[in-house]
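Comments concern the structure below.
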Amino acid sequence: MPTRSYGWCVSTTSVLAPVAGRAVPLQDVPDPVFSQGMVGFGAAVDPPRGVVEAVAPVSGKILKLMPHAYIVMTPDNVGVLVHLGLDTVGLKGEGFTAHVSQGDEVTAGQLVITYDVPSVEANGLNPIVPVVVMDERESSNVVPSDAVHEGAEITSGASLFTANK
């Protein structure tokens with residue numbers, strides 16, 4: 001019987017830190033929706049306590065743009081969610097300024113939202129920024145960078161994790 005070869009196409013997506021700060025393993029985010037990977041797996045960044053620029057973690061199309069969060073879809077159909085703070089949907093846009101529109105094409109590192117971290121903290125909310133691959137159910141498909149493992153400071157645009165599809 002002839003053997004059949006199945007060509008597995010694996011795409012590797014390097015996901016950049018959307019903000020500077022301390023890299024944090026996703027399981028350490030104090031919100032079960034993120035820490036348990038309910039929306040997907042990835043990592044997080046605890047930002048500096050000032051007004052920061054949140055950039056696109058990957059190149060692609062802005063699939064969804066809310067004041068406090070955005071999803072960038074890569075040409076390989078990898079959707080990356082950036083969520084600015086925990087429970088920040090209740091702020092109704094206060095503390096966030098968008099610089100792109102839903103449907104725009106962006107390049108990795110391009111400014112998406114200006115994020116007023118002190119404003120979020122003044123409302124009693126955690127400003128940590130989870131970054132996840134949407135609907136990724138296998139944590140092993142997401143490989144965090146050394147900075148995440150070490151809880152080290154990371155610069156905006158530095159490698160946060162690699163996603164393998």
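Note on naming: chains are A, B, ... as they come in the structure tokens, residues start from 1 per chain, ligands start from 1 in the order shown.
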Among region 2-53 of chain A, which ones does DSSP assign to strand (DSSP E) (computed from the backbone)? Answer as number ranges by chain. A: 12-16, 21-25, 40-46, 51-53
Could you save the residues just selected, with all heavy atoms, as a compact mmCIF listing (two decimals), in the first residue's frame?
# COMPACT_ATOMS: atom_id res chain seq x y z
N THR A 12 4.59 30.33 11.76
CA THR A 12 5.12 30.85 13.02
C THR A 12 4.93 32.36 13.01
O THR A 12 5.33 33.02 12.06
CB THR A 12 6.61 30.50 13.16
OG1 THR A 12 6.72 29.08 13.13
CG2 THR A 12 7.18 31.02 14.46
N THR A 13 4.29 32.87 14.04
CA THR A 13 4.02 34.30 14.14
C THR A 13 4.74 34.85 15.36
O THR A 13 4.50 34.39 16.48
CB THR A 13 2.50 34.55 14.28
OG1 THR A 13 1.83 33.93 13.18
CG2 THR A 13 2.18 36.03 14.31
N SER A 14 5.61 35.80 15.14
CA SER A 14 6.28 36.47 16.24
C SER A 14 5.36 37.59 16.72
O SER A 14 4.95 38.44 15.93
CB SER A 14 7.62 37.04 15.78
OG SER A 14 8.23 37.72 16.86
N VAL A 15 5.01 37.55 17.99
CA VAL A 15 4.09 38.53 18.56
C VAL A 15 4.91 39.47 19.45
O VAL A 15 5.61 39.04 20.36
CB VAL A 15 2.97 37.84 19.36
CG1 VAL A 15 2.04 38.87 19.99
CG2 VAL A 15 2.18 36.91 18.44
N LEU A 16 4.81 40.76 19.14
CA LEU A 16 5.60 41.77 19.84
C LEU A 16 4.85 42.35 21.04
O LEU A 16 3.61 42.35 21.06
CB LEU A 16 5.96 42.90 18.88
CG LEU A 16 6.60 42.47 17.56
CD1 LEU A 16 6.91 43.68 16.69
CD2 LEU A 16 7.85 41.64 17.79
N GLY A 21 7.25 47.50 29.62
CA GLY A 21 6.91 47.17 30.99
C GLY A 21 7.53 45.86 31.41
O GLY A 21 8.49 45.39 30.81
N ARG A 22 6.94 45.24 32.44
CA ARG A 22 7.45 43.97 32.94
C ARG A 22 6.66 42.84 32.29
O ARG A 22 5.44 42.80 32.39
CB ARG A 22 7.31 43.91 34.47
CG ARG A 22 7.93 42.66 35.10
CD ARG A 22 7.85 42.73 36.62
NE ARG A 22 6.49 42.88 37.11
CZ ARG A 22 5.64 41.86 37.31
NH1 ARG A 22 5.99 40.62 37.04
NH2 ARG A 22 4.42 42.09 37.78
N ALA A 23 7.36 41.94 31.62
CA ALA A 23 6.71 40.80 30.97
C ALA A 23 6.20 39.84 32.05
O ALA A 23 6.88 39.59 33.04
CB ALA A 23 7.70 40.10 30.05
N VAL A 24 4.98 39.34 31.86
CA VAL A 24 4.32 38.51 32.86
C VAL A 24 3.74 37.26 32.18
O VAL A 24 3.07 37.38 31.15
CB VAL A 24 3.15 39.31 33.52
CG1 VAL A 24 2.37 38.46 34.51
CG2 VAL A 24 3.67 40.59 34.17
N PRO A 25 3.96 36.07 32.76
CA PRO A 25 3.31 34.88 32.20
C PRO A 25 1.78 35.04 32.30
O PRO A 25 1.28 35.59 33.29
CB PRO A 25 3.79 33.74 33.11
CG PRO A 25 5.05 34.25 33.75
CD PRO A 25 4.84 35.74 33.89
N GLY A 40 -7.73 32.43 24.77
CA GLY A 40 -6.54 32.06 24.02
C GLY A 40 -5.33 32.16 24.91
O GLY A 40 -5.43 32.59 26.06
N PHE A 41 -4.18 31.75 24.37
CA PHE A 41 -2.95 31.78 25.16
C PHE A 41 -2.01 32.86 24.65
O PHE A 41 -2.12 33.30 23.51
CB PHE A 41 -2.28 30.40 25.13
CG PHE A 41 -3.03 29.38 25.93
CD1 PHE A 41 -3.94 28.53 25.32
CD2 PHE A 41 -2.88 29.31 27.31
CE1 PHE A 41 -4.67 27.61 26.06
CE2 PHE A 41 -3.61 28.40 28.06
CZ PHE A 41 -4.51 27.55 27.44
N GLY A 42 -1.09 33.27 25.51
CA GLY A 42 -0.15 34.31 25.16
C GLY A 42 0.68 34.70 26.36
O GLY A 42 1.16 33.84 27.09
N ALA A 43 0.80 36.00 26.60
CA ALA A 43 1.56 36.54 27.73
C ALA A 43 0.97 37.92 28.04
O ALA A 43 0.01 38.34 27.39
CB ALA A 43 3.04 36.63 27.40
N ALA A 44 1.55 38.59 29.01
CA ALA A 44 1.04 39.91 29.38
C ALA A 44 2.21 40.84 29.70
O ALA A 44 3.33 40.39 29.89
CB ALA A 44 0.11 39.80 30.59
N VAL A 45 1.90 42.14 29.75
CA VAL A 45 2.89 43.15 30.10
C VAL A 45 2.27 44.07 31.14
O VAL A 45 1.17 44.58 30.95
CB VAL A 45 3.34 43.98 28.87
CG1 VAL A 45 4.38 45.02 29.28
CG2 VAL A 45 3.87 43.08 27.76
N ASP A 46 2.99 44.25 32.25
CA ASP A 46 2.57 45.21 33.28
C ASP A 46 3.22 46.53 32.91
O ASP A 46 4.44 46.68 33.01
CB ASP A 46 3.04 44.71 34.65
CG ASP A 46 2.40 45.50 35.79
OD1 ASP A 46 1.43 46.24 35.53
OD2 ASP A 46 2.89 45.38 36.92
N VAL A 51 1.34 57.62 30.70
CA VAL A 51 0.60 57.50 29.45
C VAL A 51 1.51 56.77 28.48
O VAL A 51 2.64 57.20 28.25
CB VAL A 51 0.18 58.87 28.91
CG1 VAL A 51 -0.51 58.73 27.57
CG2 VAL A 51 -0.73 59.57 29.92
N VAL A 52 1.05 55.64 27.96
CA VAL A 52 1.88 54.81 27.08
C VAL A 52 1.21 54.65 25.72
O VAL A 52 0.00 54.81 25.59
CB VAL A 52 2.17 53.42 27.70
CG1 VAL A 52 2.97 53.55 28.98
CG2 VAL A 52 0.90 52.63 27.94
N GLU A 53 2.04 54.36 24.73
CA GLU A 53 1.53 54.09 23.39
C GLU A 53 1.44 52.59 23.19
O GLU A 53 2.44 51.88 23.33
CB GLU A 53 2.46 54.72 22.35
CG GLU A 53 2.47 56.24 22.43
CD GLU A 53 3.23 56.88 21.28
OE1 GLU A 53 4.06 56.21 20.64
OE2 GLU A 53 2.97 58.07 21.02
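Around Lys64 (chain A), within 12 Å and counting only C-alpha atoms, the residues found are Gly60, His68, Ala69, Tyr70, Ile71, Val72, Met73, Gly79, Val80, Leu81, Val82, His83, Ala98, Val100, Ser101, Gln102, Gly103, Asp104, Glu105, Val112 and Met134 of chain A, once anything fewer than 4 positions away on its own chain is removed.
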What's around Asn164 (chain A) at 12 Å? Count only C-alpha atoms, leave out sequence neighbours fewer than 3 positions away in its own chain, and write the answer as a VMD selection string. chain A and resid 8 to 15 41 to 42 76 to 78 133 136 to 144 161
Atomic distance CA of Val148 (chain A) - CA of Thr162 (chain A), expressed in Å with one decimal: 11.6 Å
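Ranking A:Val19, A:Ala56, A:Val132, A:Leu65 by their shortest atom-to-atom distance to Val33 (chain A), with only C-alpha atoms included, puts A:Val132 first.
Taking CA of Leu91 (chain A) and CA of Asp31 (chain A) as endpoints, the distance between them is 17.3 Å.
Counting only C-alpha atoms, the residue from A:Pro75, A:Pro67, A:Pro127, A:Pro30 that sits nearest to His99 (chain A) is A:Pro67.
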Expressed in Å, the length from CA of Asp28 (chain A) to CA of Gly157 (chain A) is 21.4 Å
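Within the 7 Å cut-off around Leu86 (chain A), using only C-alpha atoms and omitting residues fewer than 5 positions from it on the same chain, the listed residues are Leu125, Asn126, Pro127 and Ile128 of chain A.
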Keeping only N, CA and C atoms, write the selected residues to a file as a PDB file, in the first residue's frame.
ATOM      1  N   LEU A 125      -8.677  49.997  38.766  1.00  0.00           N
ATOM      2  CA  LEU A 125      -8.525  48.828  37.893  1.00  0.00           C
ATOM      3  C   LEU A 125      -7.054  48.483  37.676  1.00  0.00           C
ATOM      4  N   ASN A 126      -6.810  47.217  37.364  1.00  0.00           N
ATOM      5  CA  ASN A 126      -5.456  46.728  37.099  1.00  0.00           C
ATOM      6  C   ASN A 126      -5.098  47.071  35.655  1.00  0.00           C
ATOM      7  N   PRO A 127      -3.963  47.761  35.424  1.00  0.00           N
ATOM      8  CA  PRO A 127      -3.617  48.195  34.066  1.00  0.00           C
ATOM      9  C   PRO A 127      -2.864  47.142  33.227  1.00  0.00           C
ATOM     10  N   ILE A 128      -2.670  45.925  33.756  1.00  0.00           N
ATOM     11  CA  ILE A 128      -1.903  44.914  33.031  1.00  0.00           C
ATOM     12  C   ILE A 128      -2.490  44.681  31.634  1.00  0.00           C
TER      13      ILE A 128
END
